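Next comes data_21.txt, a file with compact mmCIF, C-alpha atoms.
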# COMPACT_ATOMS: atom_id res chain seq x y z
CA MET S 1229 112.06 111.88 -7.33
CA TYR S 1230 115.38 113.73 -7.38
CA ASP S 1231 117.93 110.91 -7.23
CA PHE S 1232 118.31 107.17 -6.67
CA ILE S 1233 121.26 104.99 -5.69
CA LEU S 1234 121.71 101.28 -5.10
CA ASP S 1235 123.51 100.21 -1.94
CA PRO S 1236 126.82 98.91 -3.38
CA TRP S 1237 126.98 96.36 -0.56
CA ASN S 1238 123.51 94.98 -1.31
CA PRO S 1239 122.73 96.09 -4.88
CA LYS S 1240 120.15 93.40 -5.63
CA THR S 1241 117.84 94.33 -2.77
CA THR S 1242 118.65 97.74 -1.27
CA GLY S 1243 118.42 101.27 -2.59
CA TYR S 1244 117.83 104.88 -1.51
CA LEU S 1245 115.39 107.31 -3.12
CA LEU S 1246 115.83 111.07 -2.61
CA GLN S 1247 112.53 112.97 -2.74
CA GLU S 1248 111.27 116.45 -1.94
CA ASN S 1249 110.09 115.21 1.48
CA GLY S 1250 113.33 113.45 2.47
CA LEU S 1251 115.10 110.14 1.90
CA ALA S 1252 113.43 106.74 1.58
CA LYS S 1253 114.97 103.26 1.65
CA SER S 1254 113.94 99.89 0.25
CA THR S 1255 115.44 96.52 1.18
CA ASP S 1256 113.31 94.40 -1.17
CA LEU S 1257 114.05 95.73 -4.62
CA ASP S 1258 114.16 92.14 -5.86
CA GLN S 1259 110.41 91.90 -5.32
CA ALA S 1260 107.76 92.71 -7.93
CA VAL S 1261 106.41 95.54 -5.75
CA PRO S 1262 109.16 96.89 -3.45
CA THR S 1263 108.29 98.66 -0.21
CA TRP S 1264 109.80 102.01 0.77
CA THR S 1265 110.34 103.42 4.26
CA GLN S 1266 111.32 107.01 5.00
CA VAL S 1267 114.61 107.10 6.92
CA ILE S 1268 114.86 110.89 7.29
CA SER S 1269 112.17 113.51 6.67
CA ASP S 1270 112.40 117.05 5.34
CA SER S 1271 111.01 118.36 8.64
CA ALA S 1272 113.77 116.61 10.62
CA ILE S 1273 116.41 118.18 8.37
CA GLU S 1274 114.84 121.61 8.70
CA ALA S 1275 114.74 121.28 12.50
CA ALA S 1276 118.40 120.23 12.63
CA HIS S 1277 119.46 123.32 10.67
CA GLY S 1278 116.98 125.71 12.27
CA LEU S 1279 115.60 126.67 8.86
CA ASN S 1280 112.11 126.20 7.55
CA ASN S 1281 112.28 125.19 3.91
CA PHE S 1282 113.94 122.07 2.49
CA ILE S 1283 113.70 123.15 -1.16
CA ALA S 1284 116.16 121.37 -3.43
CA PRO S 1285 117.57 117.92 -2.66
CA TYR S 1286 119.76 116.88 -5.58
CA LYS S 1287 122.17 114.01 -4.98
CA VAL S 1288 122.44 110.89 -2.79
CA ILE S 1289 125.53 108.65 -2.49
CA ALA S 1290 126.28 105.30 -0.85
CA SER S 1291 129.90 104.43 -0.15
CA ILE S 1292 131.65 101.48 -1.77
CA ASN S 1293 134.22 101.31 1.06
CA PHE S 1294 132.09 101.93 4.15
CA GLU S 1295 129.16 99.59 4.56
CA ASP S 1296 126.00 101.40 5.72
CA TYR S 1297 127.31 104.89 4.82
CA VAL S 1298 124.78 107.04 2.95
CA GLY S 1299 124.66 110.81 2.44
CA PHE S 1300 122.88 113.46 0.40
CA ALA S 1301 123.10 117.18 -0.41
CA TYR S 1302 120.35 119.78 -0.57
CA VAL S 1303 119.44 123.46 -0.31
CA LEU S 1304 117.57 125.11 2.57
CA ASP S 1305 116.15 128.57 3.02
CA HIS S 1306 114.31 130.47 5.74
CA ASP S 1307 111.41 132.61 4.55
CA GLY S 1308 113.33 133.12 1.30
CA ASN S 1309 115.99 135.09 3.14
CA THR S 1310 118.77 132.81 4.39
CA LEU S 1311 120.06 130.03 2.17
CA ARG S 1312 122.31 127.10 3.00
CA LEU S 1313 123.85 124.23 1.08
CA GLY S 1314 123.58 121.29 3.46
CA TYR S 1315 124.77 117.70 3.70
CA SER S 1316 123.27 114.93 5.83
CA PHE S 1317 124.86 111.54 6.32
CA SER S 1318 124.46 108.31 8.26
CA ARG S 1319 127.04 105.66 9.11
CA ASN S 1320 124.44 103.07 10.12
CA ALA S 1321 122.19 102.78 7.05
CA GLY S 1322 119.87 105.57 8.14
CA SER S 1323 119.28 104.81 11.81
CA THR S 1324 120.94 108.02 13.01
CA TRP S 1325 121.97 111.14 11.10
CA ALA S 1326 124.41 114.06 11.20
CA HIS S 1327 123.41 117.31 9.48
CA GLU S 1328 126.19 119.64 8.33
CA THR S 1329 126.63 122.87 6.35
CA ILE S 1330 128.68 122.90 3.16
CA LYS S 1331 128.06 126.57 2.46
CA GLY S 1332 125.93 129.15 4.25
CA LEU S 1333 124.73 132.41 2.73
CA SER S 1334 123.06 135.36 4.42
CA GLY S 1335 119.99 136.95 2.91
CA GLY S 1336 119.77 140.45 1.54
CA THR S 1337 122.58 140.93 -0.96
CA THR S 1338 123.23 137.30 -1.88
CA LYS S 1339 120.99 134.41 -2.73
CA ALA S 1340 121.91 130.91 -3.86
CA ILE S 1341 120.62 129.09 -6.87
CA PHE S 1342 121.83 125.51 -7.09
CA TYR S 1343 120.53 124.70 -10.55
CA ARG S 1344 122.01 121.23 -10.57
CA GLY S 1345 124.46 121.16 -7.72
CA ALA S 1346 127.01 118.37 -8.01
CA LEU S 1347 128.27 115.85 -5.43
CA ASP S 1348 130.66 112.90 -5.61
CA TYR S 1349 133.07 110.99 -3.39
CA VAL S 1350 136.13 108.74 -3.43
CA PRO S 1351 137.46 106.22 -0.92
CA ASP S 1352 140.53 107.50 0.91
CA GLY S 1353 143.74 105.87 -0.30
CA ASP S 1354 143.48 102.09 -0.26
CA ILE S 1355 139.78 102.43 0.75
CA SER S 1356 140.62 101.83 4.42
CA GLY S 1357 140.32 105.55 5.22
CA ASP S 1358 137.25 107.74 5.48
CA VAL S 1359 134.93 108.90 2.71
CA ILE S 1360 136.28 111.95 0.85
CA LEU S 1361 133.54 114.16 -0.59
CA TYR S 1362 133.43 116.95 -3.17
CA ALA S 1363 130.55 119.35 -3.77
CA ALA S 1364 130.20 122.09 -6.37
CA ALA S 1365 127.36 124.56 -6.69
CA THR S 1366 126.49 127.76 -8.49
CA PHE S 1367 125.66 130.89 -6.49
CA THR S 1368 123.99 133.94 -7.91
CA SER S 1369 123.73 137.41 -6.41
CA LEU S 1370 120.68 139.62 -6.54
CA GLY S 1371 122.48 141.56 -9.25
CA GLY S 1372 122.61 138.44 -11.41
CA ALA S 1373 126.33 137.56 -11.23
CA GLU S 1374 126.88 133.82 -11.15
CA ASN S 1375 129.81 132.07 -9.48
CA THR S 1376 130.74 128.43 -8.87
CA GLU S 1377 132.69 127.03 -5.92
CA VAL S 1378 134.15 123.61 -5.17
CA HIS S 1379 134.10 122.33 -1.57
CA LYS S 1380 135.74 119.24 -0.02
CA ALA S 1381 135.32 117.14 3.13
CA THR S 1382 137.89 114.54 4.23
CA ASP S 1383 136.07 113.32 7.34
CA GLY S 1384 132.96 111.78 5.83
CA GLY S 1385 131.04 115.04 5.58
CA THR S 1386 131.40 116.77 8.95
CA THR S 1387 133.81 119.57 7.98
CA TRP S 1388 133.78 121.24 4.56
CA ALA S 1389 136.47 123.50 3.14
CA GLN S 1390 136.15 125.75 0.10
CA GLN S 1391 138.75 124.59 -2.42
CA SER S 1392 138.48 127.08 -5.24
CA ALA S 1393 138.02 130.78 -5.57
CA ARG S 1394 134.71 131.59 -7.19
CA THR S 1395 134.71 130.86 -10.89
CA PRO S 1396 132.73 133.72 -12.48
CA HIS S 1397 129.98 133.55 -15.06
CA GLU S 1398 129.31 129.83 -14.73
CA SER S 1399 125.68 128.82 -14.94
CA SER S 1400 124.31 125.55 -13.59
CA THR S 1401 126.79 123.12 -12.06
CA ASN S 1402 125.65 119.91 -13.74
CA ASN S 1403 128.08 117.10 -12.92
CA LEU S 1404 131.09 116.37 -10.76
CA HIS S 1405 133.13 113.19 -10.91
CA CYS S 1406 136.38 111.81 -9.51
CA PRO S 1407 137.94 108.37 -10.09
CA TYR S 1408 136.83 105.71 -7.64
CA ASP S 1409 140.17 103.95 -7.21
CA GLY S 1410 141.53 106.00 -4.35
CA GLN S 1411 142.39 109.64 -3.71
CA ASP S 1412 146.02 109.58 -4.75
CA GLY S 1413 146.36 112.71 -6.84
CA GLY S 1414 143.49 115.14 -6.35
CA LEU S 1415 142.00 114.41 -9.79
CA LEU S 1416 138.55 115.91 -10.27
CA TYR S 1417 136.31 116.61 -13.26
CA TRP S 1418 133.22 118.80 -13.14
CA SER S 1419 131.01 120.56 -15.65
CA SER S 1420 128.74 123.55 -15.93
CA SER S 1421 126.50 124.75 -18.73
CA VAL S 1422 129.50 126.57 -20.18
CA ASN S 1423 132.57 124.35 -19.73
CA THR S 1424 133.91 121.04 -18.53
CA TYR S 1425 136.81 121.40 -16.09
CA LYS S 1426 139.70 119.29 -14.88
CA SER S 1427 141.53 119.78 -11.60
CA THR S 1428 144.60 117.92 -10.34
CA ASP S 1429 144.66 119.60 -6.92
CA ASP S 1430 141.25 118.77 -5.41
CA GLY S 1431 139.47 121.62 -7.17
CA VAL S 1432 141.77 124.46 -6.05
CA THR S 1433 142.64 125.29 -9.65
CA ASN S 1434 140.43 124.28 -12.55
CA THR S 1435 141.27 124.17 -16.26
CA ALA S 1436 138.62 124.10 -18.98
CA VAL S 1437 138.90 120.98 -21.14
CA VAL S 1438 136.19 121.52 -23.76
CA PRO S 1439 136.63 119.67 -27.09
CA THR S 1440 136.68 122.87 -29.18
CA ALA S 1441 136.76 126.26 -27.47
CA GLY S 1442 133.45 128.04 -27.92
CA ALA S 1443 131.94 125.32 -30.09
CA ILE S 1444 129.51 124.01 -27.50
CA ALA S 1445 129.03 126.97 -25.20
CA PHE S 1446 125.92 126.89 -23.03
CA ALA S 1447 125.36 123.21 -23.72
CA THR S 1448 124.20 121.07 -20.84
CA ARG S 1449 126.75 118.38 -20.00
CA HIS S 1450 125.51 115.00 -18.84
CA GLY S 1451 127.14 111.87 -17.48
CA ILE S 1452 130.70 113.09 -17.08
CA GLY S 1453 132.75 110.11 -15.94
CA THR S 1454 136.14 108.46 -15.66
CA TRP S 1455 137.14 104.82 -15.45
CA THR S 1456 138.80 103.20 -12.45
CA GLU S 1457 141.53 101.40 -14.38
CA ASP S 1458 142.24 104.33 -16.70
CA LYS S 1459 141.73 107.69 -15.03
CA ASN S 1460 142.68 109.47 -18.25
CA GLN S 1461 139.57 108.25 -20.07
CA VAL S 1462 136.84 110.87 -19.70
CA VAL S 1463 133.41 111.15 -21.32
CA PHE S 1464 130.47 113.52 -21.32
CA TRP S 1465 127.36 114.14 -23.42
CA ASP S 1466 126.61 117.49 -25.01
CA GLU S 1467 122.83 117.87 -25.06
CA ILE S 1468 122.57 120.53 -27.79
CA SER S 1469 124.48 118.56 -30.42
CA PHE S 1470 123.50 115.17 -28.94
CA THR S 1471 127.12 114.11 -29.16
CA LEU S 1472 129.17 111.82 -26.96
CA PHE S 1473 132.70 113.20 -26.46
CA VAL S 1474 135.45 110.81 -25.40
CA SER S 1475 138.99 111.66 -24.32
CA THR S 1476 141.65 109.03 -23.62
CA ASN S 1477 144.32 111.50 -22.49
CA GLY S 1478 142.65 113.34 -19.64
CA GLY S 1479 140.87 115.96 -21.72
CA THR S 1480 143.78 117.11 -23.89
CA THR S 1481 142.11 115.93 -27.10
CA TRP S 1482 138.58 114.67 -27.73
CA THR S 1483 136.81 112.39 -30.19
CA ALA S 1484 133.16 113.01 -31.08
CA LYS S 1485 131.30 109.72 -31.37
CA SER S 1486 128.64 109.28 -34.02
CA ALA S 1487 126.09 107.72 -31.63
CA THR S 1488 124.29 106.07 -34.55
CA GLY S 1489 120.89 104.69 -33.60
CA VAL S 1490 119.96 107.19 -30.88
CA ILE S 1491 116.56 108.89 -31.21
CA GLY S 1492 115.44 111.84 -29.09
CA ASP S 1493 115.86 115.53 -28.38
CA ASP S 1494 116.27 115.58 -24.58
CA ILE S 1495 118.84 113.65 -22.52
CA CYS S 1496 117.31 112.22 -19.36
CA ALA S 1497 120.27 110.16 -18.12
CA ALA S 1498 123.70 109.12 -19.38
CA GLY S 1499 126.44 106.95 -17.98
CA GLY S 1500 129.06 104.27 -18.37
CA PHE S 1501 130.40 101.55 -16.15
CA PRO S 1502 133.56 101.71 -14.03
CA TYR S 1503 135.27 98.62 -15.47
CA ASN S 1504 134.11 98.87 -19.08
CA GLY S 1505 135.21 101.92 -21.03
CA SER S 1506 133.37 100.78 -24.17
CA GLN S 1507 129.88 100.41 -22.70
CA TYR S 1508 127.58 103.45 -22.46
CA TYR S 1509 123.91 103.84 -21.72
CA LEU S 1510 121.80 106.79 -22.78
CA VAL S 1511 118.17 107.49 -21.87
CA THR S 1512 116.37 110.08 -23.96
CA ASN S 1513 112.76 111.20 -23.98
CA LYS S 1514 112.27 108.73 -26.85
CA GLY S 1515 113.96 105.57 -25.55
CA VAL S 1516 116.75 103.65 -23.81
CA TYR S 1517 119.94 102.97 -25.79
CA LEU S 1518 123.09 100.88 -25.24
CA SER S 1519 126.49 101.07 -26.93
CA LEU S 1520 129.09 98.30 -26.71
CA ASP S 1521 131.62 99.92 -29.04
CA GLY S 1522 132.51 103.10 -27.18
CA GLY S 1523 129.63 105.21 -28.49
CA ASP S 1524 129.90 104.68 -32.25
CA THR S 1525 126.65 102.73 -32.52
CA PHE S 1526 123.72 102.24 -30.15
CA SER S 1527 121.03 99.57 -30.00
CA ASP S 1528 117.48 100.30 -28.86
CA LYS S 1529 116.76 98.74 -25.46
CA THR S 1530 113.47 100.53 -24.82
CA GLY S 1531 111.44 97.32 -24.96
CA ASN S 1532 107.88 97.54 -23.66
CA ILE S 1533 108.25 100.72 -21.59
CA ASP S 1534 104.99 102.68 -21.77
CA LYS S 1535 104.89 105.67 -24.08
CA THR S 1536 102.63 108.64 -24.65
CA GLY S 1537 102.83 109.14 -28.38
CA ASP S 1538 106.50 108.61 -29.16
CA GLU S 1539 107.82 109.71 -25.74
CA LEU S 1540 108.48 107.61 -22.66
CA ASP S 1541 105.86 108.06 -19.97
CA GLY S 1542 107.15 110.24 -17.13
CA LEU S 1543 109.91 111.75 -19.28
CA THR S 1544 107.79 114.04 -21.42
CA ASN S 1545 108.96 116.97 -19.27
CA ALA S 1546 112.53 115.80 -18.84
CA GLY S 1547 113.84 119.33 -18.33
CA ASP S 1548 112.43 119.12 -14.81
CA ARG S 1549 114.95 117.46 -12.49
CA ARG S 1550 112.19 115.37 -10.91
CA PHE S 1551 111.42 113.70 -14.21
CA ARG S 1552 114.93 112.57 -14.92
CA CYS S 1553 116.06 108.98 -14.49
CA VAL S 1554 119.27 107.54 -13.09
CA ILE S 1555 121.79 105.06 -14.49
CA VAL S 1556 123.33 102.93 -11.74
CA PRO S 1557 126.98 101.83 -12.25
CA ASP S 1558 127.74 98.11 -12.33
CA TRP S 1559 130.80 97.42 -10.14
CA THR S 1560 131.38 93.93 -11.57
CA GLU S 1561 134.76 93.51 -13.23
What's the structure tokens form of this structure?
Amino acid sequence: MYDFILDPWNPKTTGYLLQENGLAKSTDLDQAVPTWTQVISDSAIEAAHGLNNFIAPYKVIASINFEDYVGFAYVLDHDGNTLRLGYSFSRNAGSTWAHETIKGLSGGTTKAIFYRGALDYVPDGDISGDVILYAAATFTSLGGAENTEVHKATDGGTTWAQQSARTPHESSTNNLHCPYDGQDGGLLYWSSSVNTYKSTDDGVTNTAVVPTAGAIAFATRHGIGTWTEDKNQVVFWDEISFTLFVSTNGGTTWTAKSATGVIGDDICAAGGFPYNGSQYYLVTNKGVYLSLDGGDTFSDKTGNIDKTGDELDGLTNAGDRRFRCVIVPDWTE
């Protein structure tokens, strides 16, 4: 499993599961044993692009403003020689699909490594417009130089435009997030293994907003997020120090939360909820934890989840993307 999302229009019953062989859908998640049906296969995606290897699916989204819209991003190659960052989407809950290219690279002098490519979207304006999408990914040349680019689509995913010049020496694009209350100012946050960035012009220019310059270099950022009613509140987890950083002024200054009660040494998932800036969940390789006070203290919500020794089953190799879990936002005010 690479990613999972609930259908925001039918969150109690319907969800999408992104796997290495394509995308599956369930409409009976309220049952004890849900059933899953594949809605698009890896072979169909490969045929649409004319390439032969669907190698790295990494993010699926379902729109809160367009019922039945679902899309996901992935990497393709052809005999290890031609690489492409692709995006497939459906406007009818998976019945028919469009397959587009975000970024194409020729083989030979350049290859693409999308360590943890990032994808997010916002409703256009008052949510009556189309789905606006952002994608960021890290490219690496055969010589080893790494660069990150931000791309944007304003037509639901058909046409993608590169927003930023390549940002050099960035390794592993981990997260990308924009507020969900309408695209009224081009606000975008994204993070790599080196920095967390803020853009106010759709990713054209990006300013590093790390808590202390150089203090957490090469730390993996998790769960970067903003809140719909306060776009200046931003959070992310630093995996090396196991610290939750919170900013209430758009990344100008940061507060490190104590996160008392959390046990573990590998972050598997992290997230908050759009209408509650004090509530955070964290899943580690040791358990599931909930904070109701903005990250100062956490209670153990692991319950009777199976463990092998002191680690959660299935998360003992959490460094592998396929073993990570997903926190689904609650859209209830």
*Name the residues in contact with S:Asp1258 at a cut-off of 7 Å, using all atoms listed in the file, excluding same-chain residues fewer than 2 positions from it; report them as a list in words.*
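The neighbour list is Lys1240, Thr1241, Asp1256 and Ala1260 of chain S.
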*atom CA of S:Lys1331 and atom CA of S:Gly1314 are how many Å apart?*
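Computed distance, atom CA of S:Lys1331 to atom CA of S:Gly1314, equals 7.0 Å.
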*Take atom CA of S:Val1350 and atom CA of S:Ala1484 and report the distance between them in Å, one decimal.*
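Going from atom CA of S:Val1350 over to atom CA of S:Ala1484 covers 28.1 Å.
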*So how many Å separate atom CA of S:Gly1489 and atom CA of S:Trp1455, to one decimal?*
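Computing the Euclidean distance for atom CA of S:Gly1489 and atom CA of S:Trp1455 yields 24.4 Å.
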*Taking the point (125.9, 106.8, -30.7) as given in the file, collect each protein or nucleic acid residue that comes within 8 Å of it, counting only C-alpha atoms, and present the set as a PyMOL selection string.*
chain S and resi 1471-1472+1485-1490+1519+1523-1526
Go ahead and write the selection's residues with C-alpha atoms as an mmCIF file, keeping the file's coordinate frame.
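Output (result.cif):
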data_model
loop_
_atom_site.group_PDB
_atom_site.id
_atom_site.type_symbol
_atom_site.label_atom_id
_atom_site.label_comp_id
_atom_site.auth_asym_id
_atom_site.auth_seq_id
_atom_site.Cartn_x
_atom_site.Cartn_y
_atom_site.Cartn_z
ATOM 1 C CA THR S 1471 127.120 114.110 -29.160
ATOM 2 C CA LEU S 1472 129.170 111.820 -26.960
ATOM 3 C CA LYS S 1485 131.300 109.720 -31.370
ATOM 4 C CA SER S 1486 128.640 109.280 -34.020
ATOM 5 C CA ALA S 1487 126.090 107.720 -31.630
ATOM 6 C CA THR S 1488 124.290 106.070 -34.550
ATOM 7 C CA GLY S 1489 120.890 104.690 -33.600
ATOM 8 C CA VAL S 1490 119.960 107.190 -30.880
ATOM 9 C CA SER S 1519 126.490 101.070 -26.930
ATOM 10 C CA GLY S 1523 129.630 105.210 -28.490
ATOM 11 C CA ASP S 1524 129.900 104.680 -32.250
ATOM 12 C CA THR S 1525 126.650 102.730 -32.520
ATOM 13 C CA PHE S 1526 123.720 102.240 -30.150
#
Taking 4 positions as the minimum chain separation for residues in the same chain, which residues sit within 7 Å of stretch 1287-1301 of chain S when counting all atoms listed in the file? Answer as an mmCIF file with C-alpha atoms, in the coordinates of the input.
data_model
loop_
_atom_site.group_PDB
_atom_site.id
_atom_site.type_symbol
_atom_site.label_atom_id
_atom_site.label_comp_id
_atom_site.auth_asym_id
_atom_site.auth_seq_id
_atom_site.Cartn_x
_atom_site.Cartn_y
_atom_site.Cartn_z
ATOM 1 C CA ASP S 1231 117.930 110.910 -7.230
ATOM 2 C CA PHE S 1232 118.310 107.170 -6.670
ATOM 3 C CA ILE S 1233 121.260 104.990 -5.690
ATOM 4 C CA ASP S 1235 123.510 100.210 -1.940
ATOM 5 C CA PRO S 1236 126.820 98.910 -3.380
ATOM 6 C CA TRP S 1237 126.980 96.360 -0.560
ATOM 7 C CA LEU S 1246 115.830 111.070 -2.610
ATOM 8 C CA GLY S 1314 123.580 121.290 3.460
ATOM 9 C CA TYR S 1315 124.770 117.700 3.700
ATOM 10 C CA SER S 1316 123.270 114.930 5.830
ATOM 11 C CA PHE S 1317 124.860 111.540 6.320
ATOM 12 C CA SER S 1318 124.460 108.310 8.260
ATOM 13 C CA ARG S 1319 127.040 105.660 9.110
ATOM 14 C CA ASN S 1320 124.440 103.070 10.120
ATOM 15 C CA ALA S 1321 122.190 102.780 7.050
ATOM 16 C CA LEU S 1347 128.270 115.850 -5.430
ATOM 17 C CA PRO S 1351 137.460 106.220 -0.920
ATOM 18 C CA ILE S 1355 139.780 102.430 0.750
#
*Pull the neighbourhood of (114.2, 100.5, -3.8) for me: all residues within 7 Å in file coordinates, counting only C-alpha atoms, as JSON, numbers by chain.*
{"S": [1242, 1243, 1244, 1245, 1253, 1254, 1255, 1256, 1257, 1262, 1264]}
*Please identify all polymer residues within 8 Å of S:Thr1428, counting all atoms listed in the file, omitting same-chain residues fewer than 5 positions from it, and present them as a list in words.*
Gly1413, Gly1414, Leu1415, Leu1416, Thr1433 and Asn1434 of chain S
*Do a neighbour search on S:Thr1530 at 12 Å with all atoms listed in the file, toss out local chain neighbours closer than 2 positions, and write the hits as a ChimeraX atom specification.*
/S:1490-1491,1509-1518,1526-1528,1532-1535,1538-1541
*Best match for closeness to S:Asp1429 among S:Lys1529, S:His1277, S:His1306, S:Lys1380, counting only C-alpha atoms*: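 Nearest to S:Asp1429: S:Lys1380.
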Considering all atoms listed in the file, return as a short mmCIF file (atom, residue, chain, number, x, y, z; two decimals) with C-alpha atoms, keeping the file's coordinate frame whatever protein or nucleic-acid residues lie within 9 Å of S:Phe1473, sequence-local ones (same chain, fewer than 5 positions apart) excluded.
data_model
loop_
_atom_site.label_atom_id
_atom_site.label_comp_id
_atom_site.auth_asym_id
_atom_site.auth_seq_id
_atom_site.Cartn_x
_atom_site.Cartn_y
_atom_site.Cartn_z
CA PRO S 1439 136.63 119.67 -27.09
CA VAL S 1462 136.84 110.87 -19.70
CA VAL S 1463 133.41 111.15 -21.32
CA PHE S 1464 130.47 113.52 -21.32
CA TRP S 1465 127.36 114.14 -23.42
CA ASP S 1466 126.61 117.49 -25.01
CA TRP S 1482 138.58 114.67 -27.73
CA THR S 1483 136.81 112.39 -30.19
CA ALA S 1484 133.16 113.01 -31.08
CA LYS S 1485 131.30 109.72 -31.37
CA GLY S 1523 129.63 105.21 -28.49
#
*In terms of the shortest atom-to-atom distance over all atoms listed in the file, which of S:Glu1328, S:Glu1274, S:Asp1358, S:Glu1377 is closest to S:Ala1346?*
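Using all atoms listed in the file, S:Ala1346 sits closest to S:Glu1377.
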